[in-house]
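Undergrad: Could you have a look at this structure, given as structure tokens, before my questions?
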Amino acid sequence: MWNVIILGITSLLTDISTEMVYPLLPIYLTSRLGATPLIVGTIEGIAESLASLLKVFSGYYSDKIKKRKTFALAGYGFSIIGKLILYLAFSWPMVLAARVIDRFGKGIRTAPRDALIAESAKKEELGKAFGLHRMMDTLGAAIGVIIAYILLGQPNINYNNIFLFSLIPAFLGVLALFLIKEKGENVIKAKKLSLEWNKLDNRLKMFLIIMFIFTLGNSSNQFLLLKAKNIGFNDRTVILLYLIYNIIYDIFSYPAGVISDKIGRKRMIVLGYLAYSIVYFGFGLAKMPSTVWILFGIYGLYMAFTEGVEKAFIAEIAPEDVRGTMIGLHATLVGIGLFPASFLAGVLWNIFGAAAPFYFGGLMGFLAAVGIWILI
């Protein structure tokens, strides 16, 4: 579990950096740079979708050359560059460039890193390993949000100062990666890497299809933050909402992974998507701030029940010689869907009002839960 712990530390530090910035971006874009919700959605959609195209390729090539650490180092390094450009940004196109570079790095590192986690754990403890990584990752997110909240309340600190400070944990996260011990001699050595759709487990194929369809209703989290601002939360309390989400996510990620080892991944994933549906329908109806606090907590449960468990599910049933490729394919499909999802959410918001994208997302979450329960 040494590699799992080190990768968890790297993710913790990187997420401190990212979450010092992420919850501020929709507010920074709309209140400081004059962007509309449609522009916010477009930026997030382009950044996530373009970067996600890389995930299947980085997974494939890490399978082919049997090297995971190199991709992880490069990917986390790009995160530093993205934060630096964000610090220098004076217009929303520069923010777009910063987000694309940051997510480009995520695209390079995600599948090889997750494959390395899978290779560093026993098969019967995959849920535990991914749950532990998710817990450490999300702990970093919670710490990052707390730091942003504290800094934003200081009289001499502005958004650009916070963006600059976020570079410190990002750099430390890259340094931690040098402690990884890649067990190259134990990695499956395939004579020829072969990925044939027809030979994949039917559950895996159906899962990937359902996930792609669901993603069309899974817009950027920044719309949740914008809706909270729309209801009446100020800049600092919006950050606190995001903190609640991350704390719940962190607390339940490890137990969810352990439980999925015992009761099966399917049940846990279905519970997660039902929670997602409740959250999005709730945001569509929400008018009181007290409701929003509860919904952000439930949203944390959705992430805890699905994020690590989905990766464990794929690692469990994918052929070992293409494990990184399949983890990357899942991430790529989800990422490709994020651009039309975020763009559509922005269009629905602009034309039909703030509730419309959330009703659509709630419906897609419910259909995903039903599809997984019946078809997988």
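A note on labels: chains of the structure tokens are A, B, ... as shown, every chain counts residues from 1, and ligands are counted from 1 in their shown order.
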Just want the 10 Å neighbourhood of range 373-375 of chain A, counted on only C-alpha atoms, with same-chain residues fewer than 2 positions away dropped. Output as JSON, numbers by chain.

TA: {"A": [202, 203, 206, 207, 210, 266, 267, 269, 270, 271, 367, 368, 369, 370, 371]}

Undergrad: List as CSV every residue of range 36-145 of chain A that is in contact with range 11-31 of chain A, defined as an atom at most 12 Å from one of its atoms (using only C-alpha atoms), together with the nearest atom pair and the distance in Å rounded to one decimal, sorted by chain and then rising number.

TA:
residue,atom,partner,partner_atom,distance
A:Thr36,CA,A:Thr30,CA,5.9
A:Pro37,CA,A:Thr30,CA,7.4
A:Leu38,CA,A:Thr30,CA,10.3
A:Ile39,CA,A:Leu29,CA,8.7
A:Val40,CA,A:Pro26,CA,6.4
A:Gly41,CA,A:Pro26,CA,9.1
A:Thr42,CA,A:Pro26,CA,11.6
A:Ile43,CA,A:Pro26,CA,10.1
A:Glu44,CA,A:Pro26,CA,9.8
A:Ala72,CA,A:Ser11,CA,10.6
A:Leu73,CA,A:Ser11,CA,11.8
A:Gly75,CA,A:Thr14,CA,11.0
A:Tyr76,CA,A:Thr14,CA,7.7
A:Gly77,CA,A:Thr14,CA,10.1
A:Phe78,CA,A:Thr14,CA,11.2
A:Ser79,CA,A:Thr14,CA,8.0
A:Ile80,CA,A:Thr14,CA,9.0
A:Gly82,CA,A:Thr18,CA,10.0
A:Lys83,CA,A:Thr18,CA,8.2
A:Leu84,CA,A:Ser17,CA,11.4
A:Leu86,CA,A:Val21,CA,9.2
A:Tyr87,CA,A:Val21,CA,10.0
A:Ala89,CA,A:Leu29,CA,10.8
A:Phe90,CA,A:Leu29,CA,10.2
A:Ser91,CA,A:Leu29,CA,8.5
A:Trp92,CA,A:Leu29,CA,6.6
A:Pro93,CA,A:Leu29,CA,10.3
A:Met94,CA,A:Leu29,CA,10.9
A:Val95,CA,A:Leu29,CA,8.3
A:Leu96,CA,A:Leu29,CA,10.3
A:Ala98,CA,A:Leu25,CA,11.3
A:Arg99,CA,A:Tyr22,CA,9.8
A:Asp102,CA,A:Thr18,CA,9.2
A:Arg103,CA,A:Thr18,CA,10.7
A:Gly105,CA,A:Thr14,CA,11.5
A:Lys106,CA,A:Thr14,CA,10.6
A:Arg109,CA,A:Ser11,CA,10.9
A:Thr110,CA,A:Ser11,CA,10.5
A:Arg113,CA,A:Ser11,CA,10.2
A:Asp114,CA,A:Ser11,CA,11.5
A:Leu132,CA,A:Leu12,CA,11.2
A:His133,CA,A:Ser11,CA,7.9
A:Arg134,CA,A:Ser11,CA,8.6
A:Met135,CA,A:Leu12,CA,8.8
A:Met136,CA,A:Leu12,CA,5.4
A:Asp137,CA,A:Leu12,CA,4.4
A:Thr138,CA,A:Leu12,CA,6.9
A:Leu139,CA,A:Leu12,CA,6.4
A:Gly140,CA,A:Leu12,CA,4.0
A:Ala141,CA,A:Asp15,CA,4.8
A:Ala142,CA,A:Ile16,CA,7.4
A:Ile143,CA,A:Ile16,CA,5.8
A:Gly144,CA,A:Ile16,CA,3.9
A:Val145,CA,A:Met20,CA,5.3

Undergrad: Report as a VMD selection string all protein, DNA and RNA residues lying within 12 Å of Arg68 in chain A, evaluated on only C-alpha atoms, omitting residues in the same chain fewer than 3 positions from it.

TA: chain A and resid 3 7 58 to 65 71 to 75 108 to 120 177 180 to 184 187 323 to 325

Undergrad: Residues of the last selection are to be written out with N, CA and C atoms, as an mmCIF file, in the first residue's frame.

TA:
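Generated file (result28.cif):
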data_model
loop_
_atom_site.group_PDB
_atom_site.id
_atom_site.type_symbol
_atom_site.label_atom_id
_atom_site.label_comp_id
_atom_site.auth_asym_id
_atom_site.auth_seq_id
_atom_site.Cartn_x
_atom_site.Cartn_y
_atom_site.Cartn_z
ATOM 1 N N ASN A 3 2.615 2.723 -2.371
ATOM 2 C CA ASN A 3 2.317 3.593 -3.500
ATOM 3 C C ASN A 3 0.968 4.281 -3.349
ATOM 4 N N LEU A 7 0.684 8.258 -3.436
ATOM 5 C CA LEU A 7 -0.210 8.880 -4.420
ATOM 6 C C LEU A 7 -1.320 9.654 -3.714
ATOM 7 N N SER A 58 -3.362 8.247 -22.500
ATOM 8 C CA SER A 58 -2.327 8.089 -21.477
ATOM 9 C C SER A 58 -2.447 6.726 -20.813
ATOM 10 N N GLY A 59 -3.686 6.260 -20.607
ATOM 11 C CA GLY A 59 -3.883 4.923 -20.068
ATOM 12 C C GLY A 59 -3.346 3.860 -21.010
ATOM 13 N N TYR A 60 -3.633 4.028 -22.303
ATOM 14 C CA TYR A 60 -3.188 3.064 -23.319
ATOM 15 C C TYR A 60 -1.665 2.985 -23.372
ATOM 16 N N TYR A 61 -1.003 4.142 -23.435
ATOM 17 C CA TYR A 61 0.452 4.124 -23.575
ATOM 18 C C TYR A 61 1.148 3.698 -22.284
ATOM 19 N N SER A 62 0.513 3.962 -21.128
ATOM 20 C CA SER A 62 1.114 3.460 -19.889
ATOM 21 C C SER A 62 0.981 1.945 -19.808
ATOM 22 N N ASP A 63 -0.079 1.385 -20.411
ATOM 23 C CA ASP A 63 -0.192 -0.074 -20.532
ATOM 24 C C ASP A 63 0.872 -0.620 -21.478
ATOM 25 N N LYS A 64 1.088 0.114 -22.547
ATOM 26 C CA LYS A 64 1.990 -0.362 -23.608
ATOM 27 C C LYS A 64 3.444 -0.375 -23.159
ATOM 28 N N ILE A 65 3.884 0.695 -22.510
ATOM 29 C CA ILE A 65 5.291 0.767 -22.095
ATOM 30 C C ILE A 65 5.501 0.332 -20.650
ATOM 31 N N PHE A 71 4.073 9.299 -16.436
ATOM 32 C CA PHE A 71 2.850 10.024 -16.804
ATOM 33 C C PHE A 71 2.330 10.833 -15.620
ATOM 34 N N ALA A 72 2.421 10.263 -14.420
ATOM 35 C CA ALA A 72 1.943 10.969 -13.231
ATOM 36 C C ALA A 72 2.762 12.238 -12.990
ATOM 37 N N LEU A 73 4.083 12.128 -13.107
ATOM 38 C CA LEU A 73 4.946 13.297 -12.902
ATOM 39 C C LEU A 73 4.626 14.407 -13.900
ATOM 40 N N ALA A 74 4.488 14.036 -15.171
ATOM 41 C CA ALA A 74 4.178 15.042 -16.192
ATOM 42 C C ALA A 74 2.821 15.684 -15.934
ATOM 43 N N GLY A 75 1.846 14.874 -15.591
ATOM 44 C CA GLY A 75 0.495 15.387 -15.378
ATOM 45 C C GLY A 75 0.402 16.353 -14.216
ATOM 46 N N ILE A 108 -3.390 13.549 -18.485
ATOM 47 C CA ILE A 108 -2.192 12.733 -18.627
ATOM 48 C C ILE A 108 -2.020 11.783 -17.437
ATOM 49 N N ARG A 109 -2.326 12.257 -16.237
ATOM 50 C CA ARG A 109 -1.959 11.503 -15.040
ATOM 51 C C ARG A 109 -3.017 10.533 -14.533
ATOM 52 N N THR A 110 -4.302 10.803 -14.791
ATOM 53 C CA THR A 110 -5.365 10.094 -14.091
ATOM 54 C C THR A 110 -5.351 8.584 -14.297
ATOM 55 N N ALA A 111 -5.410 8.124 -15.547
ATOM 56 C CA ALA A 111 -5.495 6.686 -15.800
ATOM 57 C C ALA A 111 -4.230 5.937 -15.356
ATOM 58 N N PRO A 112 -3.025 6.425 -15.693
ATOM 59 C CA PRO A 112 -1.824 5.729 -15.202
ATOM 60 C C PRO A 112 -1.758 5.689 -13.674
ATOM 61 N N ARG A 113 -2.128 6.776 -13.017
ATOM 62 C CA ARG A 113 -2.123 6.796 -11.550
ATOM 63 C C ARG A 113 -3.091 5.772 -10.975
ATOM 64 N N ASP A 114 -4.312 5.730 -11.527
ATOM 65 C CA ASP A 114 -5.308 4.784 -11.017
ATOM 66 C C ASP A 114 -4.913 3.340 -11.312
ATOM 67 N N ALA A 115 -4.267 3.114 -12.461
ATOM 68 C CA ALA A 115 -3.774 1.768 -12.765
ATOM 69 C C ALA A 115 -2.679 1.374 -11.778
ATOM 70 N N LEU A 116 -1.845 2.342 -11.398
ATOM 71 C CA LEU A 116 -0.794 2.076 -10.416
ATOM 72 C C LEU A 116 -1.397 1.733 -9.058
ATOM 73 N N ILE A 117 -2.477 2.413 -8.689
ATOM 74 C CA ILE A 117 -3.175 2.077 -7.442
ATOM 75 C C ILE A 117 -3.700 0.646 -7.495
ATOM 76 N N ALA A 118 -4.330 0.293 -8.620
ATOM 77 C CA ALA A 118 -4.879 -1.056 -8.773
ATOM 78 C C ALA A 118 -3.781 -2.119 -8.698
ATOM 79 N N GLU A 119 -2.618 -1.827 -9.251
ATOM 80 C CA GLU A 119 -1.508 -2.782 -9.247
ATOM 81 C C GLU A 119 -0.831 -2.879 -7.888
ATOM 82 N N SER A 120 -1.085 -1.899 -7.019
ATOM 83 C CA SER A 120 -0.442 -1.865 -5.709
ATOM 84 C C SER A 120 -1.328 -2.428 -4.607
ATOM 85 N N LEU A 177 5.951 12.639 -5.456
ATOM 86 C CA LEU A 177 5.877 11.545 -6.428
ATOM 87 C C LEU A 177 7.201 10.809 -6.614
ATOM 88 N N ILE A 180 7.600 7.310 -5.162
ATOM 89 C CA ILE A 180 6.875 6.155 -5.701
ATOM 90 C C ILE A 180 7.856 5.042 -6.089
ATOM 91 N N LYS A 181 7.484 3.812 -5.733
ATOM 92 C CA LYS A 181 8.274 2.641 -6.129
ATOM 93 C C LYS A 181 7.473 1.859 -7.156
ATOM 94 N N GLU A 182 7.797 2.085 -8.413
ATOM 95 C CA GLU A 182 7.063 1.415 -9.486
ATOM 96 C C GLU A 182 7.566 -0.009 -9.635
ATOM 97 N N LYS A 183 6.640 -0.961 -9.470
ATOM 98 C CA LYS A 183 7.015 -2.382 -9.492
ATOM 99 C C LYS A 183 6.939 -2.921 -10.914
ATOM 100 N N GLY A 184 7.839 -2.456 -11.748
ATOM 101 C CA GLY A 184 7.809 -2.825 -13.159
ATOM 102 C C GLY A 184 7.899 -4.312 -13.417
ATOM 103 N N VAL A 187 4.457 -6.043 -13.210
ATOM 104 C CA VAL A 187 3.374 -5.604 -14.075
ATOM 105 C C VAL A 187 3.155 -6.620 -15.195
ATOM 106 N N ARG A 323 -5.876 -2.553 -18.349
ATOM 107 C CA ARG A 323 -6.545 -1.926 -17.200
ATOM 108 C C ARG A 323 -6.439 -0.402 -17.257
ATOM 109 N N GLY A 324 -5.229 0.105 -17.511
ATOM 110 C CA GLY A 324 -5.048 1.551 -17.602
ATOM 111 C C GLY A 324 -5.857 2.148 -18.731
ATOM 112 N N THR A 325 -5.925 1.437 -19.840
ATOM 113 C CA THR A 325 -6.700 1.904 -20.991
ATOM 114 C C THR A 325 -8.180 2.014 -20.649
#

Undergrad: Distance CA of Ile294 in chain A-CA of Leu363 in chain A, one decimal place?

TA: 19.5 Å

Undergrad: Tell me, as a PDB file with C-alpha atoms, in the first residue's frame, which residues lie within 7 Å of range 218-227 of chain A, counting only C-alpha atoms; anything in the same chain fewer than 5 positions away does not count.

TA:
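Saved to around_27.pdb:
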ATOM      1  CA  PRO A  26     -17.248  31.208 -11.104  1.00  0.00           C
ATOM      2  CA  GLY A  41     -20.063  26.643 -18.505  1.00  0.00           C
ATOM      3  CA  GLU A  44     -15.368  24.344 -17.826  1.00  0.00           C
ATOM      4  CA  VAL A 238     -20.339  29.855  -1.086  1.00  0.00           C
ATOM      5  CA  LEU A 338     -18.927  17.350 -19.791  1.00  0.00           C
ATOM      6  CA  ALA A 341     -23.445  19.027 -20.484  1.00  0.00           C
ATOM      7  CA  SER A 342     -21.960  22.305 -19.219  1.00  0.00           C
ATOM      8  CA  ALA A 345     -26.672  23.808 -18.666  1.00  0.00           C
ATOM      9  CA  ALA A 354     -31.694  28.873 -12.989  1.00  0.00           C
ATOM     10  CA  GLY A 361     -29.558  16.734 -14.332  1.00  0.00           C
TER      11      GLY A 361
END

Undergrad: Neighbouring residues of Ala51 in chain A were defined as those with any atom within 7 Å, considering only C-alpha atoms; residues of the same chain fewer than 5 positions away were excluded. Please report them as a PyMOL selection string.

TA: chain A and resi 100+103-104+107

Undergrad: Would you save the residues of that selection, restricted to C-alpha atoms, as a short mmCIF file (atom, residue, chain, number, x, y, z; two decimals), in the first residue's frame?

TA:
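The result, written out as selection_28.cif:
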data_model
loop_
_atom_site.label_atom_id
_atom_site.label_comp_id
_atom_site.auth_asym_id
_atom_site.auth_seq_id
_atom_site.Cartn_x
_atom_site.Cartn_y
_atom_site.Cartn_z
CA VAL A 100 -7.17 23.77 -20.24
CA ARG A 103 -6.97 19.74 -16.97
CA PHE A 104 -4.48 18.66 -19.65
CA GLY A 107 -5.78 13.97 -18.47
#

Undergrad: Neighbouring residues of Leu204 in chain A were defined as those with any atom within 7 Å, considering only C-alpha atoms; residues of the same chain fewer than 4 positions away were excluded. Please report them as a JSON list (two decimals) with C-alpha atoms, in the first residue's frame.

TA:
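Done, and the output landed in out_10.json:
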[["chain", "number", "residue", "atom", "x", "y", "z"],
["A", 200, "LEU", "CA", -14.86, -7.00, -22.99],
["A", 208, "LEU", "CA", -19.45, 2.73, -19.98],
["A", 314, "ILE", "CA", -13.52, -1.10, -13.75]]

Undergrad: Could you state the separation of CA of Arg236 in chain A and CA of Ile146 in chain A in Å, given to one decimal place?

TA: 10.2 Å

Undergrad: Hey, which of A:Gly284, A:Glu316, A:Val322, A:Ile336 ends up closest to Gly353 in chain A? Count only C-alpha atoms.

TA: A:Gly284

Undergrad: Point out the residue among A:Phe339, A:Phe214, A:Phe252, A:Leu240 with the least atom-to-atom distance to Gly365 in chain A, counting only C-alpha atoms.

TA: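 Smallest distance to Gly365 in chain A is found for A:Phe214.
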